[in-house]
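Source file upload29.cif; content: mmCIF, C-alpha atoms and all ligand atoms.
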data_coords
#
loop_
_atom_site.group_PDB
_atom_site.id
_atom_site.type_symbol
_atom_site.label_atom_id
_atom_site.label_comp_id
_atom_site.auth_asym_id
_atom_site.auth_seq_id
_atom_site.Cartn_x
_atom_site.Cartn_y
_atom_site.Cartn_z
ATOM 1 C CA MET A 1 89.501 120.112 117.487
ATOM 2 C CA ALA A 2 90.679 120.350 121.087
ATOM 3 C CA LYS A 3 94.385 120.660 120.464
ATOM 4 C CA GLN A 4 96.021 124.010 119.696
ATOM 5 C CA MET A 5 97.924 124.145 116.397
ATOM 6 C CA ILE A 6 101.706 124.186 116.958
ATOM 7 C CA ASP A 7 103.847 126.947 115.407
ATOM 8 C CA THR A 8 105.689 125.485 112.406
ATOM 9 C CA PRO A 9 107.897 128.226 110.928
ATOM 10 C CA ASN A 10 110.134 125.731 109.111
ATOM 11 C CA LEU A 11 107.252 123.760 107.617
ATOM 12 C CA ASP A 12 105.564 127.035 106.611
ATOM 13 C CA GLU A 13 108.564 127.748 104.363
ATOM 14 C CA LEU A 14 107.642 124.671 102.362
ATOM 15 C CA GLU A 15 104.351 126.305 101.373
ATOM 16 C CA ASN A 16 106.208 129.004 99.423
ATOM 17 C CA GLY A 17 106.698 128.725 95.679
ATOM 18 C CA PRO A 18 104.387 127.830 92.821
ATOM 19 C CA TRP A 19 103.739 124.155 93.567
ATOM 20 C CA PRO A 20 101.146 122.470 95.776
ATOM 21 C CA SER A 21 102.606 121.758 99.210
ATOM 22 C CA PHE A 22 102.112 118.674 101.381
ATOM 23 C CA VAL A 23 102.307 121.038 104.370
ATOM 24 C CA THR A 24 99.105 122.766 103.237
ATOM 25 C CA GLY A 25 97.469 119.331 103.093
ATOM 26 C CA LEU A 26 98.715 118.393 106.561
ATOM 27 C CA LYS A 27 97.410 121.699 107.970
ATOM 28 C CA ARG A 28 94.003 121.079 106.421
ATOM 29 C CA LEU A 29 93.826 117.644 108.080
ATOM 30 C CA ALA A 30 95.131 119.084 111.396
ATOM 31 C CA LYS A 31 92.007 121.273 111.703
ATOM 32 C CA ASP A 32 90.040 118.131 112.648
ATOM 33 C CA SER A 33 92.763 115.827 113.931
ATOM 34 C CA ASP A 34 94.927 116.067 117.063
ATOM 35 C CA MET A 35 97.059 113.318 115.582
ATOM 36 C CA MET A 36 97.970 115.535 112.628
ATOM 37 C CA VAL A 37 98.683 118.495 114.943
ATOM 38 C CA ASP A 38 101.211 116.358 116.808
ATOM 39 C CA LEU A 39 102.611 114.883 113.595
ATOM 40 C CA MET A 40 103.357 118.420 112.419
ATOM 41 C CA GLY A 41 104.982 119.133 115.799
ATOM 42 C CA GLN A 42 107.324 116.189 115.386
ATOM 43 C CA LEU A 43 108.089 117.050 111.753
ATOM 44 C CA GLU A 44 108.795 120.693 112.666
ATOM 45 C CA THR A 45 111.172 119.472 115.397
ATOM 46 C CA SER A 46 112.987 117.359 112.784
ATOM 47 C CA TYR A 47 113.441 120.402 110.574
ATOM 48 C CA GLN A 48 114.872 122.326 113.545
ATOM 49 C CA THR A 49 117.278 119.635 114.750
ATOM 50 C CA LYS A 50 117.903 117.925 111.384
ATOM 51 C CA MET A 51 117.183 114.586 113.074
ATOM 52 C CA GLY A 52 114.603 111.907 112.335
ATOM 53 C CA TYR A 53 112.615 110.547 115.294
ATOM 54 C CA TRP A 54 110.748 107.492 113.943
ATOM 55 C CA LYS A 55 111.651 103.925 114.757
ATOM 56 C CA GLY A 56 110.125 100.722 113.439
ATOM 57 C CA GLY A 57 108.810 97.768 115.391
ATOM 58 C CA THR A 58 106.266 94.996 115.019
ATOM 59 C CA VAL A 59 102.562 95.694 114.464
ATOM 60 C CA GLY A 60 100.233 93.436 112.516
ATOM 61 C CA VAL A 61 96.818 91.888 112.114
ATOM 62 C CA PHE A 62 95.754 88.313 112.869
ATOM 63 C CA GLY A 63 97.021 85.745 110.374
ATOM 64 C CA TYR A 64 99.351 88.142 108.561
ATOM 65 C CA GLY A 65 103.113 88.580 108.909
ATOM 66 C CA GLY A 66 103.336 91.816 106.934
ATOM 67 C CA GLY A 67 101.447 94.717 105.375
ATOM 68 C CA VAL A 68 101.567 97.129 108.312
ATOM 69 C CA ILE A 69 104.556 99.486 108.544
ATOM 70 C CA PRO A 70 105.040 100.438 112.208
ATOM 71 C CA ARG A 71 106.327 103.882 113.213
ATOM 72 C CA PHE A 72 106.878 104.845 116.884
ATOM 73 C CA THR A 73 108.147 108.221 118.045
ATOM 74 C CA GLU A 74 111.565 108.515 119.677
ATOM 75 C CA LEU A 75 110.960 112.126 120.661
ATOM 76 C CA LYS A 76 110.518 111.809 124.448
ATOM 77 C CA ASP A 77 110.900 114.157 127.427
ATOM 78 C CA ALA A 78 113.105 113.569 130.518
ATOM 79 C CA ASN A 79 110.446 111.201 131.939
ATOM 80 C CA HIS A 80 110.362 109.161 128.696
ATOM 81 C CA LYS A 81 106.902 110.487 127.816
ATOM 82 C CA PRO A 82 106.278 111.337 124.130
ATOM 83 C CA ILE A 83 106.470 115.063 123.461
ATOM 84 C CA PHE A 84 103.786 114.695 120.783
ATOM 85 C CA PRO A 85 101.655 111.896 122.272
ATOM 86 C CA GLU A 86 98.855 111.868 119.698
ATOM 87 C CA ALA A 87 101.368 110.969 116.972
ATOM 88 C CA ALA A 88 103.510 108.699 119.169
ATOM 89 C CA GLU A 89 102.206 105.744 117.146
ATOM 90 C CA PHE A 90 101.862 106.581 113.464
ATOM 91 C CA HIS A 91 101.638 103.282 111.582
ATOM 92 C CA THR A 92 100.896 102.787 107.913
ATOM 93 C CA LEU A 93 98.498 100.259 106.370
ATOM 94 C CA ARG A 94 99.521 99.059 102.938
ATOM 95 C CA ILE A 95 96.370 98.157 101.015
ATOM 96 C CA GLN A 96 96.521 96.583 97.554
ATOM 97 C CA PRO A 97 94.847 98.762 94.918
ATOM 98 C CA PRO A 98 92.666 97.297 92.167
ATOM 99 C CA ALA A 99 94.636 96.153 89.101
ATOM 100 C CA GLY A 100 95.168 99.095 86.750
ATOM 101 C CA MET A 101 94.136 101.376 89.626
ATOM 102 C CA HIS A 102 90.511 101.597 88.598
ATOM 103 C CA TYR A 103 88.383 103.300 91.241
ATOM 104 C CA SER A 104 84.928 104.843 91.276
ATOM 105 C CA SER A 105 84.588 108.160 93.122
ATOM 106 C CA ASP A 106 82.053 106.422 95.363
ATOM 107 C CA LEU A 107 84.663 103.843 96.386
ATOM 108 C CA LEU A 108 87.282 106.542 97.049
ATOM 109 C CA ARG A 109 84.822 108.404 99.305
ATOM 110 C CA LYS A 110 84.039 105.184 101.191
ATOM 111 C CA MET A 111 87.773 104.557 101.721
ATOM 112 C CA CYS A 112 88.194 108.068 103.144
ATOM 113 C CA ASP A 113 85.185 107.544 105.445
ATOM 114 C CA VAL A 114 86.415 104.162 106.693
ATOM 115 C CA TRP A 115 89.899 105.590 107.319
ATOM 116 C CA SER A 116 88.525 108.440 109.424
ATOM 117 C CA ALA A 117 85.908 106.324 111.223
ATOM 118 C CA THR A 118 88.411 103.679 112.350
ATOM 119 C CA GLY A 119 90.913 106.100 113.900
ATOM 120 C CA GLY A 120 93.093 106.898 110.882
ATOM 121 C CA SER A 121 94.793 110.282 110.597
ATOM 122 C CA GLY A 122 93.036 111.099 107.308
ATOM 123 C CA LEU A 123 96.340 111.049 105.416
ATOM 124 C CA ILE A 124 96.301 108.771 102.346
ATOM 125 C CA ALA A 125 98.852 108.375 99.536
ATOM 126 C CA PHE A 126 97.556 107.145 96.177
ATOM 127 C CA HIS A 127 99.960 105.370 95.700
ATOM 128 C CA GLY A 128 103.374 104.665 97.286
ATOM 129 C CA GLN A 129 106.223 103.382 95.141
ATOM 130 C CA SER A 130 105.414 99.977 96.577
ATOM 131 C CA GLY A 131 102.214 100.159 94.514
ATOM 132 C CA ASP A 132 99.981 100.164 97.583
ATOM 133 C CA ILE A 133 97.421 102.658 98.748
ATOM 134 C CA MET A 134 99.219 104.034 101.806
ATOM 135 C CA PHE A 135 96.906 104.774 104.725
ATOM 136 C CA GLN A 136 99.363 106.704 106.878
ATOM 137 C CA GLY A 137 98.872 107.375 110.573
ATOM 138 C CA ILE A 138 97.028 105.014 112.913
ATOM 139 C CA LYS A 139 97.557 103.817 116.472
ATOM 140 C CA THR A 140 98.386 100.201 117.281
ATOM 141 C CA ALA A 141 95.003 99.474 118.903
ATOM 142 C CA ASP A 142 93.115 100.726 115.831
ATOM 143 C CA VAL A 143 95.058 98.747 113.235
ATOM 144 C CA GLN A 144 93.003 95.537 113.411
ATOM 145 C CA PRO A 145 89.562 97.250 113.264
ATOM 146 C CA ALA A 146 90.703 99.464 110.364
ATOM 147 C CA PHE A 147 92.010 96.470 108.434
ATOM 148 C CA ASP A 148 88.772 94.559 109.145
ATOM 149 C CA ALA A 149 86.730 97.452 107.726
ATOM 150 C CA PHE A 150 88.807 97.645 104.520
ATOM 151 C CA ASN A 151 88.679 93.862 104.237
ATOM 152 C CA GLU A 152 84.891 94.038 104.522
ATOM 153 C CA MET A 153 84.952 96.334 101.458
ATOM 154 C CA GLY A 154 86.878 93.647 99.557
ATOM 155 C CA PHE A 155 90.393 94.990 100.015
ATOM 156 C CA ASP A 156 93.453 93.191 101.344
ATOM 157 C CA LEU A 157 96.769 94.183 102.872
ATOM 158 C CA GLY A 158 99.801 94.432 100.594
ATOM 159 C CA GLY A 159 103.296 93.043 100.979
ATOM 160 C CA ALA A 160 106.128 94.170 103.233
ATOM 161 C CA GLY A 161 109.430 92.674 104.295
ATOM 162 C CA PRO A 162 111.059 89.680 102.593
ATOM 163 C CA ALA A 163 107.905 88.620 100.786
ATOM 164 C CA LEU A 164 105.889 88.795 97.594
ATOM 165 C CA ARG A 165 105.024 92.474 97.180
ATOM 166 C CA THR A 166 101.909 94.265 96.014
ATOM 167 C CA SER A 167 101.659 94.131 92.249
ATOM 168 C CA MET A 168 100.929 96.814 89.655
ATOM 169 C CA SER A 169 99.631 96.806 86.117
ATOM 170 C CA CYS A 170 99.223 99.543 83.528
ATOM 171 C CA VAL A 171 95.680 100.652 82.700
ATOM 172 C CA GLY A 172 96.065 98.414 79.668
ATOM 173 C CA ALA A 173 93.154 96.685 77.975
ATOM 174 C CA ALA A 174 90.621 98.787 79.851
ATOM 175 C CA ARG A 175 91.530 101.926 77.926
ATOM 176 C CA CYS A 176 94.715 101.537 75.868
ATOM 177 C CA GLU A 177 94.859 100.551 72.194
ATOM 178 C CA MET A 178 98.417 99.198 72.565
ATOM 179 C CA SER A 179 97.430 96.490 75.022
ATOM 180 C CA CYS A 180 98.478 92.959 74.039
ATOM 181 C CA TYR A 181 96.727 91.006 76.813
ATOM 182 C CA ASP A 182 94.371 91.326 79.773
ATOM 183 C CA GLU A 183 96.788 92.859 82.298
ATOM 184 C CA ALA A 184 94.307 93.078 85.161
ATOM 185 C CA LYS A 185 93.351 89.415 84.818
ATOM 186 C CA ALA A 186 97.005 88.367 84.632
ATOM 187 C CA LEU A 187 97.837 90.383 87.756
ATOM 188 C CA ARG A 188 94.924 88.968 89.761
ATOM 189 C CA THR A 189 95.629 85.389 88.656
ATOM 190 C CA VAL A 190 99.364 85.469 89.403
ATOM 191 C CA ILE A 191 99.019 87.319 92.715
ATOM 192 C CA ASN A 192 96.072 85.292 94.003
ATOM 193 C CA ASN A 193 97.984 82.092 93.232
ATOM 194 C CA ASN A 194 100.926 83.295 95.319
ATOM 195 C CA LEU A 195 99.091 85.245 98.009
ATOM 196 C CA ASP A 196 100.394 83.102 100.852
ATOM 197 C CA ASP A 197 103.894 84.429 100.109
ATOM 198 C CA MET A 198 102.630 88.001 100.443
ATOM 199 C CA HIS A 199 100.939 87.598 103.788
ATOM 200 C CA ARG A 200 103.461 85.298 105.465
ATOM 201 C CA PRO A 201 106.959 86.534 104.557
ATOM 202 C CA SER A 202 109.293 83.585 104.072
ATOM 203 C CA LEU A 203 111.513 84.596 101.138
ATOM 204 C CA PRO A 204 115.164 85.694 101.367
ATOM 205 C CA TYR A 205 114.290 89.088 99.860
ATOM 206 C CA LYS A 206 111.393 91.032 98.369
ATOM 207 C CA PHE A 207 109.890 89.601 95.140
ATOM 208 C CA LYS A 208 107.760 91.539 92.662
ATOM 209 C CA PHE A 209 105.523 90.873 89.656
ATOM 210 C CA LYS A 210 104.513 93.933 87.589
ATOM 211 C CA PHE A 211 102.398 93.844 84.398
ATOM 212 C CA SER A 212 102.934 96.015 81.325
ATOM 213 C CA GLY A 213 100.561 95.450 78.427
ATOM 214 C CA CYS A 214 103.164 96.263 75.760
ATOM 215 C CA PRO A 215 106.845 97.236 75.372
ATOM 216 C CA ASN A 216 106.022 100.920 76.033
ATOM 217 C CA ASP A 217 106.020 99.850 79.670
ATOM 218 C CA CYS A 218 104.242 102.962 80.954
HETATM 219 C C1 LIG B 301 110.391 114.559 105.457
HETATM 220 C C2 LIG B 301 109.978 113.373 105.887
HETATM 221 C C3 LIG B 301 110.068 112.089 105.094
HETATM 222 C C4 LIG B 301 110.810 111.783 104.002
HETATM 223 C C5 LIG B 301 111.793 112.646 103.247
HETATM 224 C C6 LIG B 301 110.485 110.405 103.654
HETATM 225 C C7 LIG B 301 111.036 109.722 102.578
HETATM 226 C C8 LIG B 301 110.563 108.518 102.103
HETATM 227 C C9 LIG B 301 110.912 107.918 100.836
HETATM 228 C C10 LIG B 301 111.854 108.505 99.814
HETATM 229 C C11 LIG B 301 110.238 106.766 100.732
HETATM 230 C C12 LIG B 301 110.260 105.796 99.567
HETATM 231 C C13 LIG B 301 109.297 106.286 98.492
HETATM 232 C C14 LIG B 301 107.977 105.571 98.434
HETATM 233 O O1 LIG B 301 107.872 104.409 98.801
HETATM 234 O O2 LIG B 301 106.986 106.170 97.958
HETATM 235 C C15 LIG B 301 109.458 106.622 101.925
HETATM 236 C C16 LIG B 301 108.619 105.575 102.172
HETATM 237 C C17 LIG B 301 107.889 105.419 103.325
HETATM 238 N N1 LIG B 301 107.842 106.280 104.402
HETATM 239 FE FE1 LIG B 301 108.763 108.061 104.510
HETATM 240 N N2 LIG B 301 109.581 109.926 104.549
HETATM 241 C C18 LIG B 301 109.294 110.915 105.427
HETATM 242 C C19 LIG B 301 108.441 110.837 106.484
HETATM 243 C C20 LIG B 301 107.750 109.702 106.848
HETATM 244 C C21 LIG B 301 106.892 109.611 107.997
HETATM 245 C C22 LIG B 301 106.609 110.770 108.952
HETATM 246 C C23 LIG B 301 106.418 108.352 108.024
HETATM 247 C C24 LIG B 301 105.502 107.722 109.042
HETATM 248 C C25 LIG B 301 105.525 108.104 110.305
HETATM 249 C C26 LIG B 301 106.951 107.650 106.889
HETATM 250 C C27 LIG B 301 106.689 106.343 106.561
HETATM 251 C C28 LIG B 301 107.004 105.768 105.335
HETATM 252 C C29 LIG B 301 106.479 104.499 104.842
HETATM 253 C C30 LIG B 301 105.518 103.604 105.570
HETATM 254 C C31 LIG B 301 107.053 104.290 103.567
HETATM 255 C C32 LIG B 301 106.803 103.144 102.622
HETATM 256 C C33 LIG B 301 106.047 103.684 101.408
HETATM 257 C C34 LIG B 301 105.724 102.674 100.334
HETATM 258 O O3 LIG B 301 105.904 101.464 100.521
HETATM 259 O O4 LIG B 301 105.263 103.112 99.273
HETATM 260 N N3 LIG B 301 107.764 108.500 106.210
HETATM 261 N N4 LIG B 301 109.676 107.689 102.746
HETATM 262 S S1 LIG B 302 102.251 99.703 78.843
HETATM 263 FE FE1 LIG B 302 101.414 99.574 76.766
HETATM 264 S S2 LIG B 302 99.383 98.634 77.071
HETATM 265 FE FE2 LIG B 302 100.043 99.426 79.054
HETATM 266 S S3 LIG B 302 99.099 101.469 79.153
HETATM 267 FE FE3 LIG B 302 101.231 101.673 78.390
HETATM 268 S S4 LIG B 302 100.986 101.701 76.141
HETATM 269 FE FE4 LIG B 302 99.096 100.869 77.011
#
As structure tokens, how would this structure be written, given the file I've shared?
Ligand code: HEM
Ligand code: SF4
Amino acid sequence: MAKQMIDTPNLDELENGPWPSFVTGLKRLAKDSDMMVDLMGQLETSYQTKMGYWKGGTVGVFGYGGGVIPRFTELKDANHKPIFPEAAEFHTLRIQPPAGMHYSSDLLRKMCDVWSATGGSGLIAFHGQSGDIMFQGIKTADVQPAFDAFNEMGFDLGGAGPALRTSMSCVGAARCEMSCYDEAKALRTVINNNLDDMHRPSLPYKFKFKFSGCPNDC
């Protein structure tokens, strides 16, 4: 790593206490990533000033009207240059997980490798409340190649904006004795039949299908 780690006294406080800390995770990633060093710089600044410095915008891939959540820094110097340039663009790719969230460890490793190899920050959330795998932190120019690589693995972008959103199902028939139907098949069938409304937002508001195999609704 070329870039010197920035002092983060406020973020360091969040490593105290008995629970795992996201700051420890960010620091681990920052050892090999200038982007994460600068992300921590911006976050530390927010804790000092009690201000947020991210704005949205429009970033996407060919043929899709959603699925990428753009984040641009507003933290600039007097010459309008980003103070933390490596994290000046920190977009998120929403990728639809498999129904029931079934992964093999081999697949998870491949996802991590693809994310790093295509310019991603290394930060991944399994999963956001949207139901997507959240690949967080990539520059505008790298978005299309990263999406292409995930698409090559058989994965697709999720929903964003006024559109059909990424779906979720319980683990259901794969492992649960309470299951009343094939949740994964139902999810895939319903979503694939309406996929156009996920990728090209044209609804008045977000729209979601979620699949519980029984009234326990876990
Ligand atoms: C202390 C800092 C932050 C707080 C408290 C915060 C809070 C939240 C909350 C409550 C949600 C909704 C929960 C969810 O969807 O899982 C959310 C979603 C999101 N945030 Fe943040 N956020 C922070 C920093 C950031 C940063 C630094 C970025 C990117 C630069 C970011 C990008 C997003 C995105 C893309 C989503 C959508 C997640 C989804 O659809 O699941 N957030 N944030
Ligand atoms: S919602 Fe019902 S079928 Fe699905 S995992 Fe929970 S108990 Fe099992």
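Residue nearest ligand LIG 301 (chain B) within the list A:Trp54, A:Phe84, A:Phe22, A:Tyr64: A:Trp54 [criterion: smallest interatomic distance, all atoms listed in the file].
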First collect every listed atom of ligand LIG 302 (chain B); then fit an axis-aligned box around them, widen it by 5 Å on each side, and give centre and edge lengths in Å to one decimal, as JSON.
{"center_x": 100.7, "center_y": 100.2, "center_z": 77.6, "size_x": 13.2, "size_y": 13.1, "size_z": 13.0}
Please find the residues contacting ligand LIG 302 (chain B) at a distance of at most 10 Å between atoms, with all atoms listed in the file counted, and report them as a CSV table (one decimal) with C-alpha atoms, in the coordinates of the input.
chain,number,residue,atom,x,y,z
A,100,GLY,CA,95.2,99.1,86.8
A,169,SER,CA,99.6,96.8,86.1
A,170,CYS,CA,99.2,99.5,83.5
A,171,VAL,CA,95.7,100.7,82.7
A,172,GLY,CA,96.1,98.4,79.7
A,173,ALA,CA,93.2,96.7,78.0
A,174,ALA,CA,90.6,98.8,79.9
A,175,ARG,CA,91.5,101.9,77.9
A,176,CYS,CA,94.7,101.5,75.9
A,177,GLU,CA,94.9,100.6,72.2
A,178,MET,CA,98.4,99.2,72.6
A,179,SER,CA,97.4,96.5,75.0
A,180,CYS,CA,98.5,93.0,74.0
A,181,TYR,CA,96.7,91.0,76.8
A,182,ASP,CA,94.4,91.3,79.8
A,183,GLU,CA,96.8,92.9,82.3
A,211,PHE,CA,102.4,93.8,84.4
A,212,SER,CA,102.9,96.0,81.3
A,213,GLY,CA,100.6,95.4,78.4
A,214,CYS,CA,103.2,96.3,75.8
A,215,PRO,CA,106.8,97.2,75.4
A,216,ASN,CA,106.0,100.9,76.0
A,217,ASP,CA,106.0,99.8,79.7
A,218,CYS,CA,104.2,103.0,81.0
(request) Using only C-alpha atoms and all ligand atoms, find the one residue out of A:Ala149, A:Ile191, A:Ala87, A:Val59 that sits nearest to ligand LIG 301 (chain B). (result) A:Ala87
(request) Report as a VMD selection string the full result of the PyMOL selection byres (((chain A and resi 55) around 9) and not hetatm) when it is applied to this structure. (result) chain A and resid 52 to 54 56 to 57 70 to 74
(request) Write as a PyMOL selection string the residues around ligand LIG 301 (chain B), taking 8 Å as the cut-off and counting only C-alpha atoms and all ligand atoms. (result) chain A and resi 39+43+54+69-72+89-94+127-134+136-137+160
Residue subset to file, keeping C-alpha atoms, as a compact mmCIF listing (two decimals), keeping the file's coordinate frame:
# COMPACT_ATOMS: atom_id res chain seq x y z
CA LEU A 39 102.61 114.88 113.60
CA LEU A 43 108.09 117.05 111.75
CA TRP A 54 110.75 107.49 113.94
CA ILE A 69 104.56 99.49 108.54
CA PRO A 70 105.04 100.44 112.21
CA ARG A 71 106.33 103.88 113.21
CA PHE A 72 106.88 104.84 116.88
CA GLU A 89 102.21 105.74 117.15
CA PHE A 90 101.86 106.58 113.46
CA HIS A 91 101.64 103.28 111.58
CA THR A 92 100.90 102.79 107.91
CA LEU A 93 98.50 100.26 106.37
CA ARG A 94 99.52 99.06 102.94
CA HIS A 127 99.96 105.37 95.70
CA GLY A 128 103.37 104.66 97.29
CA GLN A 129 106.22 103.38 95.14
CA SER A 130 105.41 99.98 96.58
CA GLY A 131 102.21 100.16 94.51
CA ASP A 132 99.98 100.16 97.58
CA ILE A 133 97.42 102.66 98.75
CA MET A 134 99.22 104.03 101.81
CA GLN A 136 99.36 106.70 106.88
CA GLY A 137 98.87 107.38 110.57
CA ALA A 160 106.13 94.17 103.23
(request) With a distance cut-off of 10 Å and all atoms listed in the file, select the neighbouring residues of segment 105-115 of chain A, excluding the residue or stretch itself and same-chain residues fewer than 6 positions from it, and output the selection as a list in words. (result) Ser121, Gly122, Leu123, Ile124, Phe135, Gln136, Gly137, Ile138, Ala146, Phe147, Ala149, Phe150 and Met153 of chain A
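With all atoms listed in the file as the atoms that count, the minimum distance from Pro162 of chain A to the choices A:Gly120, A:Pro20, A:Pro9, A:Gly67 is reached by A:Gly67.
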(message) One number please: atom CA of Pro201 of chain A to atom CA of Ala163 of chain A, in Å, one decimal.
(response) 4.4 Å
Starting from the sparse input, extend segment 44-57 of chain A to N, CA, C and O atoms and give the output as a JSON list (two decimals), keeping the file's coordinate frame.
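That gives us out-v8.json:
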[["chain", "number", "residue", "atom", "x", "y", "z"],
["A", 44, "GLU", "N", 108.16, 119.38, 112.47],
["A", 44, "GLU", "CA", 108.80, 120.69, 112.67],
["A", 44, "GLU", "C", 110.07, 120.53, 113.50],
["A", 44, "GLU", "O", 111.11, 121.12, 113.19],
["A", 45, "THR", "N", 109.99, 119.72, 114.56],
["A", 45, "THR", "CA", 111.17, 119.47, 115.40],
["A", 45, "THR", "C", 112.31, 118.89, 114.56],
["A", 45, "THR", "O", 113.47, 119.28, 114.69],
["A", 46, "SER", "N", 111.96, 117.95, 113.65],
["A", 46, "SER", "CA", 112.99, 117.36, 112.78],
["A", 46, "SER", "C", 113.64, 118.41, 111.90],
["A", 46, "SER", "O", 114.86, 118.35, 111.66],
["A", 47, "TYR", "N", 112.86, 119.35, 111.42],
["A", 47, "TYR", "CA", 113.44, 120.40, 110.57],
["A", 47, "TYR", "C", 114.34, 121.33, 111.40],
["A", 47, "TYR", "O", 115.29, 121.90, 110.87],
["A", 48, "GLN", "N", 114.03, 121.48, 112.69],
["A", 48, "GLN", "CA", 114.87, 122.33, 113.54],
["A", 48, "GLN", "C", 116.18, 121.63, 113.89],
["A", 48, "GLN", "O", 117.25, 122.22, 113.87],
["A", 49, "THR", "N", 116.09, 120.34, 114.24],
["A", 49, "THR", "CA", 117.28, 119.64, 114.75],
["A", 49, "THR", "C", 118.02, 118.86, 113.66],
["A", 49, "THR", "O", 119.09, 118.34, 113.92],
["A", 50, "LYS", "N", 117.36, 118.74, 112.49],
["A", 50, "LYS", "CA", 117.90, 117.92, 111.38],
["A", 50, "LYS", "C", 118.10, 116.47, 111.81],
["A", 50, "LYS", "O", 119.07, 115.80, 111.43],
["A", 51, "MET", "N", 117.17, 115.99, 112.63],
["A", 51, "MET", "CA", 117.18, 114.59, 113.07],
["A", 51, "MET", "C", 115.83, 113.95, 112.77],
["A", 51, "MET", "O", 114.81, 114.62, 112.83],
["A", 52, "GLY", "N", 115.85, 112.65, 112.48],
["A", 52, "GLY", "CA", 114.60, 111.91, 112.34],
["A", 52, "GLY", "C", 114.27, 111.21, 113.65],
["A", 52, "GLY", "O", 115.18, 110.82, 114.37],
["A", 53, "TYR", "N", 112.99, 111.10, 113.98],
["A", 53, "TYR", "CA", 112.62, 110.55, 115.29],
["A", 53, "TYR", "C", 111.65, 109.37, 115.20],
["A", 53, "TYR", "O", 110.87, 109.13, 116.10],
["A", 54, "TRP", "N", 111.64, 108.64, 114.06],
["A", 54, "TRP", "CA", 110.75, 107.49, 113.94],
["A", 54, "TRP", "C", 111.55, 106.21, 114.04],
["A", 54, "TRP", "O", 112.61, 106.10, 113.42],
["A", 55, "LYS", "N", 111.04, 105.26, 114.79],
["A", 55, "LYS", "CA", 111.65, 103.92, 114.76],
["A", 55, "LYS", "C", 110.59, 102.91, 114.37],
["A", 55, "LYS", "O", 109.39, 103.15, 114.57],
["A", 56, "GLY", "N", 111.05, 101.79, 113.84],
["A", 56, "GLY", "CA", 110.12, 100.72, 113.44],
["A", 56, "GLY", "C", 109.77, 99.83, 114.61],
["A", 56, "GLY", "O", 109.98, 100.19, 115.77],
["A", 57, "GLY", "N", 109.22, 98.68, 114.33],
["A", 57, "GLY", "CA", 108.81, 97.77, 115.39],
["A", 57, "GLY", "C", 107.97, 96.67, 114.76],
["A", 57, "GLY", "O", 108.13, 96.38, 113.57]]
